[in-house]
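File shown here: entry_21.cif, holding mmCIF, N, CA and C atoms and all ligand atoms.
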```cif
data_query
#
loop_
_atom_site.label_atom_id
_atom_site.label_comp_id
_atom_site.auth_asym_id
_atom_site.auth_seq_id
_atom_site.Cartn_x
_atom_site.Cartn_y
_atom_site.Cartn_z
N MET A 1 -187.41 -18.82 -29.69
CA MET A 1 -186.26 -18.28 -30.44
C MET A 1 -185.00 -18.36 -29.59
N THR A 2 -183.91 -18.78 -30.22
CA THR A 2 -182.65 -18.91 -29.52
C THR A 2 -181.59 -18.07 -30.23
N GLN A 3 -180.70 -17.50 -29.44
CA GLN A 3 -179.61 -16.74 -30.04
C GLN A 3 -178.34 -17.58 -30.08
N TYR A 4 -177.71 -17.59 -31.21
CA TYR A 4 -176.45 -18.32 -31.38
C TYR A 4 -175.36 -17.37 -31.84
N VAL A 5 -174.14 -17.69 -31.44
CA VAL A 5 -173.00 -16.89 -31.89
C VAL A 5 -172.01 -17.82 -32.59
N PHE A 6 -171.58 -17.41 -33.76
CA PHE A 6 -170.61 -18.19 -34.54
C PHE A 6 -169.38 -17.35 -34.79
N GLU A 7 -168.27 -18.06 -34.97
CA GLU A 7 -167.05 -17.37 -35.36
C GLU A 7 -166.68 -17.82 -36.76
N MET A 8 -166.63 -16.89 -37.67
CA MET A 8 -166.31 -17.23 -39.06
C MET A 8 -165.07 -16.45 -39.49
N ALA A 9 -164.21 -17.12 -40.25
CA ALA A 9 -162.95 -16.50 -40.68
C ALA A 9 -163.21 -15.42 -41.74
N MET A 10 -163.92 -14.38 -41.33
CA MET A 10 -164.22 -13.27 -42.25
C MET A 10 -163.04 -12.32 -42.32
N THR A 11 -162.74 -11.87 -43.52
CA THR A 11 -161.62 -10.94 -43.65
C THR A 11 -162.01 -9.63 -44.32
N CYS A 12 -163.20 -9.59 -44.90
CA CYS A 12 -163.59 -8.37 -45.62
C CYS A 12 -165.11 -8.25 -45.70
N GLY A 13 -165.55 -7.16 -46.29
CA GLY A 13 -166.99 -6.95 -46.46
C GLY A 13 -167.63 -8.00 -47.35
N GLY A 14 -166.84 -8.55 -48.26
CA GLY A 14 -167.36 -9.60 -49.14
C GLY A 14 -167.77 -10.83 -48.35
N CYS A 15 -166.96 -11.17 -47.35
CA CYS A 15 -167.28 -12.31 -46.48
C CYS A 15 -168.57 -12.05 -45.72
N ALA A 16 -168.70 -10.83 -45.19
CA ALA A 16 -169.89 -10.47 -44.42
C ALA A 16 -171.13 -10.53 -45.31
N ASN A 17 -171.00 -10.02 -46.54
CA ASN A 17 -172.12 -10.09 -47.48
C ASN A 17 -172.50 -11.53 -47.80
N ALA A 18 -171.47 -12.36 -47.99
CA ALA A 18 -171.72 -13.77 -48.31
C ALA A 18 -172.46 -14.43 -47.15
N ALA A 19 -172.04 -14.13 -45.92
CA ALA A 19 -172.71 -14.70 -44.75
C ALA A 19 -174.18 -14.26 -44.71
N ARG A 20 -174.38 -12.97 -44.98
CA ARG A 20 -175.74 -12.42 -44.96
C ARG A 20 -176.60 -13.12 -46.02
N LYS A 21 -176.00 -13.36 -47.17
CA LYS A 21 -176.77 -13.95 -48.26
C LYS A 21 -177.11 -15.43 -48.01
N VAL A 22 -176.15 -16.20 -47.53
CA VAL A 22 -176.46 -17.63 -47.29
C VAL A 22 -177.48 -17.78 -46.15
N LEU A 23 -177.41 -16.87 -45.19
CA LEU A 23 -178.41 -16.92 -44.10
C LEU A 23 -179.78 -16.51 -44.64
N GLY A 24 -179.78 -15.54 -45.55
CA GLY A 24 -181.02 -15.09 -46.16
C GLY A 24 -181.72 -16.20 -46.92
N LYS A 25 -180.90 -17.10 -47.50
CA LYS A 25 -181.48 -18.21 -48.26
C LYS A 25 -182.23 -19.21 -47.38
N LEU A 26 -181.96 -19.17 -46.10
CA LEU A 26 -182.70 -20.04 -45.17
C LEU A 26 -184.12 -19.51 -44.97
N GLY A 27 -184.32 -18.27 -45.35
CA GLY A 27 -185.63 -17.62 -45.17
C GLY A 27 -185.49 -16.41 -44.25
N GLU A 28 -185.80 -15.25 -44.79
CA GLU A 28 -185.66 -14.00 -44.04
C GLU A 28 -186.45 -14.05 -42.74
N ASP A 29 -187.58 -14.76 -42.80
CA ASP A 29 -188.45 -14.85 -41.64
C ASP A 29 -187.96 -15.88 -40.62
N LYS A 30 -187.04 -16.75 -41.06
CA LYS A 30 -186.59 -17.84 -40.19
C LYS A 30 -185.36 -17.48 -39.36
N VAL A 31 -184.51 -16.63 -39.94
CA VAL A 31 -183.28 -16.28 -39.24
C VAL A 31 -183.17 -14.77 -39.13
N LYS A 32 -183.06 -14.28 -37.91
CA LYS A 32 -182.86 -12.86 -37.71
C LYS A 32 -181.37 -12.64 -37.46
N ILE A 33 -180.76 -11.83 -38.32
CA ILE A 33 -179.34 -11.55 -38.15
C ILE A 33 -179.20 -10.38 -37.18
N ASP A 34 -178.65 -10.67 -36.00
CA ASP A 34 -178.49 -9.61 -35.00
C ASP A 34 -177.24 -8.80 -35.27
N ASP A 35 -176.18 -9.52 -35.67
CA ASP A 35 -174.92 -8.81 -35.90
C ASP A 35 -173.96 -9.64 -36.74
N ILE A 36 -173.27 -8.96 -37.65
CA ILE A 36 -172.16 -9.58 -38.37
C ILE A 36 -171.00 -8.62 -38.26
N ASN A 37 -169.93 -9.06 -37.61
CA ASN A 37 -168.83 -8.16 -37.34
C ASN A 37 -167.51 -8.74 -37.90
N VAL A 38 -167.00 -8.06 -38.91
CA VAL A 38 -165.78 -8.56 -39.57
C VAL A 38 -164.57 -8.46 -38.63
N GLU A 39 -164.52 -7.41 -37.80
CA GLU A 39 -163.36 -7.23 -36.90
C GLU A 39 -163.27 -8.36 -35.87
N THR A 40 -164.40 -8.66 -35.23
CA THR A 40 -164.38 -9.70 -34.19
C THR A 40 -164.62 -11.09 -34.80
N LYS A 41 -165.00 -11.10 -36.09
CA LYS A 41 -165.31 -12.33 -36.83
C LYS A 41 -166.54 -13.06 -36.30
N LYS A 42 -167.37 -12.32 -35.56
CA LYS A 42 -168.53 -12.95 -34.94
C LYS A 42 -169.83 -12.68 -35.70
N ILE A 43 -170.63 -13.73 -35.75
CA ILE A 43 -171.96 -13.63 -36.38
C ILE A 43 -172.98 -14.04 -35.32
N THR A 44 -173.92 -13.15 -35.03
CA THR A 44 -174.94 -13.42 -34.03
C THR A 44 -176.30 -13.47 -34.71
N VAL A 45 -177.02 -14.56 -34.50
CA VAL A 45 -178.35 -14.70 -35.09
C VAL A 45 -179.35 -15.17 -34.04
N THR A 46 -180.62 -14.88 -34.29
CA THR A 46 -181.70 -15.39 -33.46
C THR A 46 -182.63 -16.18 -34.35
N THR A 47 -182.93 -17.41 -33.94
CA THR A 47 -183.70 -18.28 -34.83
C THR A 47 -184.37 -19.42 -34.07
N ASP A 48 -185.36 -20.02 -34.75
CA ASP A 48 -185.99 -21.23 -34.24
C ASP A 48 -185.32 -22.47 -34.83
N LEU A 49 -184.51 -22.26 -35.86
CA LEU A 49 -183.84 -23.37 -36.52
C LEU A 49 -182.72 -23.91 -35.63
N PRO A 50 -182.39 -25.21 -35.82
CA PRO A 50 -181.27 -25.75 -35.04
C PRO A 50 -179.95 -25.07 -35.43
N ALA A 51 -179.05 -24.98 -34.47
CA ALA A 51 -177.76 -24.32 -34.70
C ALA A 51 -177.01 -24.97 -35.86
N ASP A 52 -177.17 -26.29 -36.00
CA ASP A 52 -176.47 -26.99 -37.08
C ASP A 52 -176.90 -26.53 -38.47
N ASP A 53 -178.18 -26.18 -38.61
CA ASP A 53 -178.67 -25.67 -39.90
C ASP A 53 -177.96 -24.37 -40.26
N ILE A 54 -177.78 -23.54 -39.24
CA ILE A 54 -177.11 -22.25 -39.45
C ILE A 54 -175.65 -22.50 -39.81
N LEU A 55 -175.05 -23.44 -39.09
CA LEU A 55 -173.65 -23.78 -39.32
C LEU A 55 -173.44 -24.30 -40.74
N GLU A 56 -174.33 -25.20 -41.16
CA GLU A 56 -174.23 -25.76 -42.52
C GLU A 56 -174.37 -24.68 -43.58
N ALA A 57 -175.31 -23.77 -43.37
CA ALA A 57 -175.51 -22.68 -44.33
C ALA A 57 -174.25 -21.81 -44.41
N LEU A 58 -173.69 -21.47 -43.25
CA LEU A 58 -172.51 -20.60 -43.23
C LEU A 58 -171.29 -21.28 -43.84
N LYS A 59 -171.23 -22.61 -43.73
CA LYS A 59 -170.11 -23.37 -44.30
C LYS A 59 -170.04 -23.21 -45.81
N LYS A 60 -171.19 -22.96 -46.42
CA LYS A 60 -171.24 -22.83 -47.88
C LYS A 60 -170.42 -21.65 -48.39
N THR A 61 -170.12 -20.71 -47.51
CA THR A 61 -169.31 -19.57 -47.93
C THR A 61 -167.87 -20.00 -48.21
N GLY A 62 -167.50 -21.20 -47.76
CA GLY A 62 -166.14 -21.68 -47.96
C GLY A 62 -165.18 -21.20 -46.89
N LYS A 63 -165.72 -20.46 -45.93
CA LYS A 63 -164.88 -19.93 -44.85
C LYS A 63 -164.94 -20.86 -43.65
N GLU A 64 -163.86 -20.82 -42.85
CA GLU A 64 -163.83 -21.62 -41.64
C GLU A 64 -164.86 -21.06 -40.65
N ILE A 65 -165.61 -21.98 -40.04
CA ILE A 65 -166.69 -21.52 -39.18
C ILE A 65 -166.85 -22.44 -37.98
N LYS A 66 -167.10 -21.87 -36.82
CA LYS A 66 -167.43 -22.69 -35.66
C LYS A 66 -168.43 -21.96 -34.77
N ARG A 67 -169.14 -22.75 -33.99
CA ARG A 67 -170.13 -22.17 -33.10
C ARG A 67 -169.48 -21.82 -31.77
N LEU A 68 -169.76 -20.63 -31.27
CA LEU A 68 -169.21 -20.22 -29.98
C LEU A 68 -170.22 -20.43 -28.86
N GLN A 69 -171.47 -20.08 -29.13
CA GLN A 69 -172.51 -20.27 -28.10
C GLN A 69 -173.87 -20.37 -28.73
N TRP B 1 -164.44 -30.70 -72.87
CA TRP B 1 -164.35 -29.56 -71.97
C TRP B 1 -165.09 -28.37 -72.55
N LYS B 2 -165.73 -27.67 -71.67
CA LYS B 2 -166.49 -26.49 -72.09
C LYS B 2 -166.04 -25.29 -71.28
N ARG B 3 -166.28 -24.12 -71.85
CA ARG B 3 -165.91 -22.91 -71.12
C ARG B 3 -167.18 -22.12 -70.80
N ALA B 4 -167.26 -21.65 -69.56
CA ALA B 4 -168.38 -20.81 -69.16
C ALA B 4 -167.83 -19.50 -68.63
N ILE B 5 -168.54 -18.44 -68.94
CA ILE B 5 -168.19 -17.14 -68.36
C ILE B 5 -169.36 -16.72 -67.47
N VAL B 6 -169.03 -16.37 -66.23
CA VAL B 6 -170.08 -15.99 -65.28
C VAL B 6 -169.80 -14.60 -64.72
N SER B 7 -170.86 -13.89 -64.40
CA SER B 7 -170.71 -12.60 -63.71
C SER B 7 -170.81 -12.86 -62.22
N ILE B 8 -169.93 -12.22 -61.45
CA ILE B 8 -169.91 -12.44 -60.00
C ILE B 8 -169.94 -11.09 -59.29
N ASP B 9 -170.98 -10.88 -58.52
CA ASP B 9 -171.12 -9.64 -57.76
C ASP B 9 -170.91 -9.92 -56.27
N GLY B 10 -170.34 -8.98 -55.57
CA GLY B 10 -170.22 -9.12 -54.12
C GLY B 10 -168.80 -9.37 -53.64
N MET B 11 -167.86 -9.51 -54.56
CA MET B 11 -166.46 -9.69 -54.16
C MET B 11 -165.88 -8.32 -53.83
N THR B 12 -165.08 -8.26 -52.77
CA THR B 12 -164.49 -6.98 -52.42
C THR B 12 -162.97 -6.98 -52.45
N CYS B 13 -162.37 -8.17 -52.44
CA CYS B 13 -160.91 -8.21 -52.40
C CYS B 13 -160.39 -9.54 -52.94
N HIS B 14 -159.07 -9.68 -52.91
CA HIS B 14 -158.49 -10.90 -53.47
C HIS B 14 -158.76 -12.15 -52.64
N ALA B 15 -159.08 -11.96 -51.38
CA ALA B 15 -159.44 -13.12 -50.55
C ALA B 15 -160.74 -13.72 -51.08
N CYS B 16 -161.66 -12.86 -51.50
CA CYS B 16 -162.92 -13.33 -52.10
C CYS B 16 -162.61 -14.11 -53.38
N VAL B 17 -161.74 -13.56 -54.20
CA VAL B 17 -161.35 -14.19 -55.47
C VAL B 17 -160.78 -15.57 -55.20
N GLU B 18 -159.84 -15.63 -54.26
CA GLU B 18 -159.19 -16.91 -53.96
C GLU B 18 -160.15 -17.91 -53.35
N ASN B 19 -161.05 -17.41 -52.53
CA ASN B 19 -162.05 -18.29 -51.92
C ASN B 19 -162.89 -18.98 -53.00
N ILE B 20 -163.33 -18.23 -53.98
CA ILE B 20 -164.13 -18.81 -55.06
C ILE B 20 -163.28 -19.74 -55.91
N GLN B 21 -162.10 -19.28 -56.29
CA GLN B 21 -161.23 -20.11 -57.13
C GLN B 21 -160.92 -21.44 -56.47
N GLU B 22 -160.68 -21.39 -55.15
CA GLU B 22 -160.31 -22.60 -54.42
C GLU B 22 -161.49 -23.56 -54.33
N ASN B 23 -162.65 -23.03 -53.95
CA ASN B 23 -163.80 -23.91 -53.70
C ASN B 23 -164.40 -24.48 -54.98
N ILE B 24 -164.40 -23.71 -56.05
CA ILE B 24 -164.94 -24.21 -57.31
C ILE B 24 -163.86 -25.03 -58.03
N GLY B 25 -162.62 -24.56 -57.92
CA GLY B 25 -161.52 -25.23 -58.59
C GLY B 25 -161.28 -26.65 -58.11
N LYS B 26 -161.66 -26.94 -56.86
CA LYS B 26 -161.40 -28.28 -56.32
C LYS B 26 -162.50 -29.28 -56.71
N LEU B 27 -163.58 -28.81 -57.32
CA LEU B 27 -164.65 -29.72 -57.73
C LEU B 27 -164.15 -30.66 -58.81
N ASP B 28 -164.53 -31.92 -58.68
CA ASP B 28 -164.15 -32.90 -59.67
C ASP B 28 -164.94 -32.62 -60.95
N GLY B 29 -164.24 -32.29 -62.01
CA GLY B 29 -164.93 -31.94 -63.26
C GLY B 29 -164.66 -30.49 -63.64
N VAL B 30 -164.02 -29.75 -62.74
CA VAL B 30 -163.61 -28.39 -63.06
C VAL B 30 -162.10 -28.41 -63.29
N ARG B 31 -161.70 -28.03 -64.50
CA ARG B 31 -160.27 -28.08 -64.81
C ARG B 31 -159.60 -26.78 -64.39
N LYS B 32 -160.28 -25.68 -64.64
CA LYS B 32 -159.63 -24.41 -64.36
C LYS B 32 -160.68 -23.33 -64.09
N ILE B 33 -160.39 -22.47 -63.13
CA ILE B 33 -161.27 -21.30 -62.93
C ILE B 33 -160.40 -20.09 -62.66
N VAL B 34 -160.69 -19.03 -63.38
CA VAL B 34 -159.99 -17.77 -63.17
C VAL B 34 -161.03 -16.70 -62.89
N VAL B 35 -160.88 -16.05 -61.74
CA VAL B 35 -161.83 -15.01 -61.35
C VAL B 35 -161.15 -13.65 -61.44
N ASN B 36 -161.84 -12.71 -62.04
CA ASN B 36 -161.31 -11.36 -62.19
C ASN B 36 -162.13 -10.40 -61.33
N LEU B 37 -161.47 -9.84 -60.33
CA LEU B 37 -162.14 -8.97 -59.36
C LEU B 37 -162.66 -7.68 -60.01
N GLU B 38 -161.82 -7.04 -60.83
CA GLU B 38 -162.19 -5.77 -61.45
C GLU B 38 -163.37 -5.93 -62.41
N LYS B 39 -163.30 -6.99 -63.21
CA LYS B 39 -164.36 -7.21 -64.20
C LYS B 39 -165.58 -7.90 -63.60
N LYS B 40 -165.49 -8.34 -62.33
CA LYS B 40 -166.56 -9.10 -61.67
C LYS B 40 -166.98 -10.28 -62.53
N GLU B 41 -165.99 -11.03 -62.91
CA GLU B 41 -166.22 -12.09 -63.88
C GLU B 41 -165.37 -13.32 -63.57
N GLY B 42 -165.93 -14.47 -63.92
CA GLY B 42 -165.18 -15.71 -63.75
C GLY B 42 -165.22 -16.52 -65.04
N THR B 43 -164.09 -17.14 -65.37
CA THR B 43 -164.03 -18.01 -66.54
C THR B 43 -163.72 -19.43 -66.03
N ILE B 44 -164.58 -20.35 -66.40
CA ILE B 44 -164.45 -21.71 -65.88
C ILE B 44 -164.35 -22.70 -67.04
N LEU B 45 -163.34 -23.56 -66.95
CA LEU B 45 -163.20 -24.63 -67.92
C LEU B 45 -163.62 -25.92 -67.21
N PHE B 46 -164.62 -26.57 -67.76
CA PHE B 46 -165.19 -27.71 -67.03
C PHE B 46 -165.56 -28.87 -67.95
N ASP B 47 -165.73 -30.01 -67.34
CA ASP B 47 -166.13 -31.23 -68.03
C ASP B 47 -167.65 -31.17 -68.24
N SER B 48 -168.07 -31.11 -69.51
CA SER B 48 -169.49 -30.91 -69.79
C SER B 48 -170.33 -32.16 -69.49
N SER B 49 -169.67 -33.28 -69.20
CA SER B 49 -170.44 -34.46 -68.80
C SER B 49 -170.77 -34.42 -67.31
N LYS B 50 -170.08 -33.52 -66.56
CA LYS B 50 -170.31 -33.44 -65.11
C LYS B 50 -171.07 -32.19 -64.68
N PHE B 51 -170.89 -31.10 -65.43
CA PHE B 51 -171.51 -29.84 -65.04
C PHE B 51 -172.11 -29.12 -66.24
N THR B 52 -172.94 -28.14 -65.93
CA THR B 52 -173.34 -27.16 -66.94
C THR B 52 -172.91 -25.80 -66.38
N GLY B 53 -172.87 -24.82 -67.25
CA GLY B 53 -172.52 -23.48 -66.80
C GLY B 53 -173.49 -22.98 -65.75
N GLU B 54 -174.77 -23.31 -65.92
CA GLU B 54 -175.79 -22.87 -64.96
C GLU B 54 -175.52 -23.45 -63.57
N ILE B 55 -175.19 -24.73 -63.53
CA ILE B 55 -174.95 -25.38 -62.24
C ILE B 55 -173.74 -24.75 -61.54
N LEU B 56 -172.70 -24.46 -62.31
CA LEU B 56 -171.51 -23.86 -61.71
C LEU B 56 -171.80 -22.45 -61.21
N ALA B 57 -172.59 -21.70 -61.98
CA ALA B 57 -172.98 -20.36 -61.55
C ALA B 57 -173.77 -20.45 -60.25
N GLU B 58 -174.62 -21.46 -60.17
CA GLU B 58 -175.43 -21.65 -58.96
C GLU B 58 -174.55 -21.99 -57.76
N LYS B 59 -173.50 -22.76 -58.02
CA LYS B 59 -172.60 -23.13 -56.92
C LYS B 59 -171.89 -21.89 -56.35
N ILE B 60 -171.51 -20.98 -57.23
CA ILE B 60 -170.87 -19.75 -56.76
C ILE B 60 -171.90 -18.88 -56.05
N ASP B 61 -173.10 -18.87 -56.60
CA ASP B 61 -174.19 -18.12 -55.97
C ASP B 61 -174.47 -18.64 -54.56
N ASP B 62 -174.42 -19.97 -54.43
CA ASP B 62 -174.66 -20.60 -53.13
C ASP B 62 -173.60 -20.24 -52.09
N MET B 63 -172.42 -19.86 -52.58
CA MET B 63 -171.37 -19.44 -51.64
C MET B 63 -171.65 -18.06 -51.05
N GLY B 64 -172.66 -17.37 -51.62
CA GLY B 64 -173.05 -16.08 -51.07
C GLY B 64 -172.70 -14.91 -51.97
N PHE B 65 -172.32 -15.21 -53.22
CA PHE B 65 -172.07 -14.14 -54.18
C PHE B 65 -173.21 -14.14 -55.19
N ASP B 66 -173.47 -13.00 -55.80
CA ASP B 66 -174.50 -12.98 -56.84
C ASP B 66 -173.86 -13.38 -58.15
N CYS B 67 -174.20 -14.57 -58.59
CA CYS B 67 -173.53 -15.10 -59.76
C CYS B 67 -174.52 -15.55 -60.83
N LYS B 68 -174.24 -15.12 -62.07
CA LYS B 68 -175.09 -15.52 -63.19
C LYS B 68 -174.24 -15.96 -64.37
N LEU B 69 -174.78 -16.91 -65.11
CA LEU B 69 -174.09 -17.37 -66.31
C LEU B 69 -174.21 -16.32 -67.41
N VAL B 70 -173.08 -15.97 -68.02
CA VAL B 70 -173.10 -15.01 -69.12
C VAL B 70 -173.12 -15.76 -70.45
N THR B 71 -172.10 -16.60 -70.65
CA THR B 71 -172.10 -17.45 -71.86
C THR B 71 -171.57 -18.84 -71.49
CU CU A 101 -163.67 -11.60 -47.37
CU CU A 102 -162.82 -10.12 -49.98
#
```
Represent the supplied structure as structure tokens.
Amino acid sequence: MTQYVFEMAMTCGGCANAARKVLGKLGEDKVKIDDINVETKKITVTTDLPADDILEALKKTGKEIKRLQ
Amino acid sequence: WKRAIVSIDGMTCHACVENIQENIGKLDGVRKIVVNLEKKEGTILFDSSKFTGEILAEKIDDMGFDCKLVT
């Protein structure tokens, strides 16, 4: 399992919910959401999936997204 | 052109509204989309040879909102 941190242009709770939902669609058992923080705009997950899969899923929210670590 | 009305759950502010309007509105085959935050509803005018209401509802759902076709 690897932990990744992404920065997404979240502005409200709706953005955070959308992020949670698109990640959930990858499979609740596949991606563990460690933290979603609207203030810092950071999303931290732990997963066996490649970081690009997470990035692609998060892109579906229509928000700007990049990987930090 | 066909009109679809969809229910959209999970929006909290106008940024959510604009995000959906922008991303669905730019699809080739969508002429117009108006999202109403208070009513949790979206009205979409689309080319019925390119989309169905179900597919468009699914596209909004895929963005991370709970979306269902109403009519
Ligand atoms: Cu938002
Ligand atoms: Cu919002």
For A:Thr47: contacts at 6 Å, only N, CA and C atoms, fewer than 5 positions along chain excluded, given as a list in words =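 Surrounding residues, per the criterion: Met1, Thr2, Gln3, Tyr4, Lys30, Val31 and Lys32 of chain A.
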List the neighbours of A:Lys42 out to 10 Å using only C-alpha atoms; skip same-chain residues closer than 6 positions along the sequence, and give me the result as a list in words.
->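 So, after excluding close chain neighbours, the residues are Val5, Phe6, Glu7, Met8, Ala9, Met10, Ala16, Asp35, Ile36, Ile65, Lys66, Arg67 and Leu68 of chain A.
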Within-6.5 Å residues of ligand CU 102 (chain A), basis only N, CA and C atoms and all ligand atoms, as a list in words | Thr11, Cys12, Gly13, Gly14 and Cys15 of chain A; Met11, Thr12, Cys13, His14, Ala15, Cys16 and Val17 of chain B
Within 6 Å of stretch 53-57 of chain B, counting only N, CA and C atoms, which residues qualify if same-chain residues fewer than 6 places away don't, as a VMD selection string?
-> chain B and resid 4 67 to 69
For B:Gly64, which residue among B:Lys40, B:Glu22, B:Asp9, B:Lys32 is the nearest when counting only N, CA and C atoms?
->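 So, comparing all the options, the nearest one is B:Asp9.
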Return the neighbours of chain B among the residues of chain A, cut-off 8 Å, counting only N, CA and C atoms, as a VMD selection string.
-> chain A and resid 11 to 15 17 to 23 57 to 63
Which one is closest to B:Lys2: B:Phe46, B:Val34, B:Gln21, B:Lys26? Count only C-alpha atoms.
->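 Ranked by minimum distance to B:Lys2, first place goes to B:Phe46.
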Test item, strand (DSSP E or B) assignment across chain A, answer as a list in words |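 Selection result, strand (DSSP E or B) within chain A: Thr2, Gln3, Tyr4, Val5, Phe6, Glu7, Met8, Val31, Lys32, Ile33, Asp34, Asp35, Ile36, Asn37, Lys42, Ile43, Thr44, Val45, Thr46, Thr47, Ile65, Lys66 and Arg67 of chain A.
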For ligand CU 101 (chain A), which residue out of A:Leu49, A:Ile54, A:Ile43, A:Val38 is the nearest one, using only C-alpha atoms and all ligand atoms?
-> A:Val38
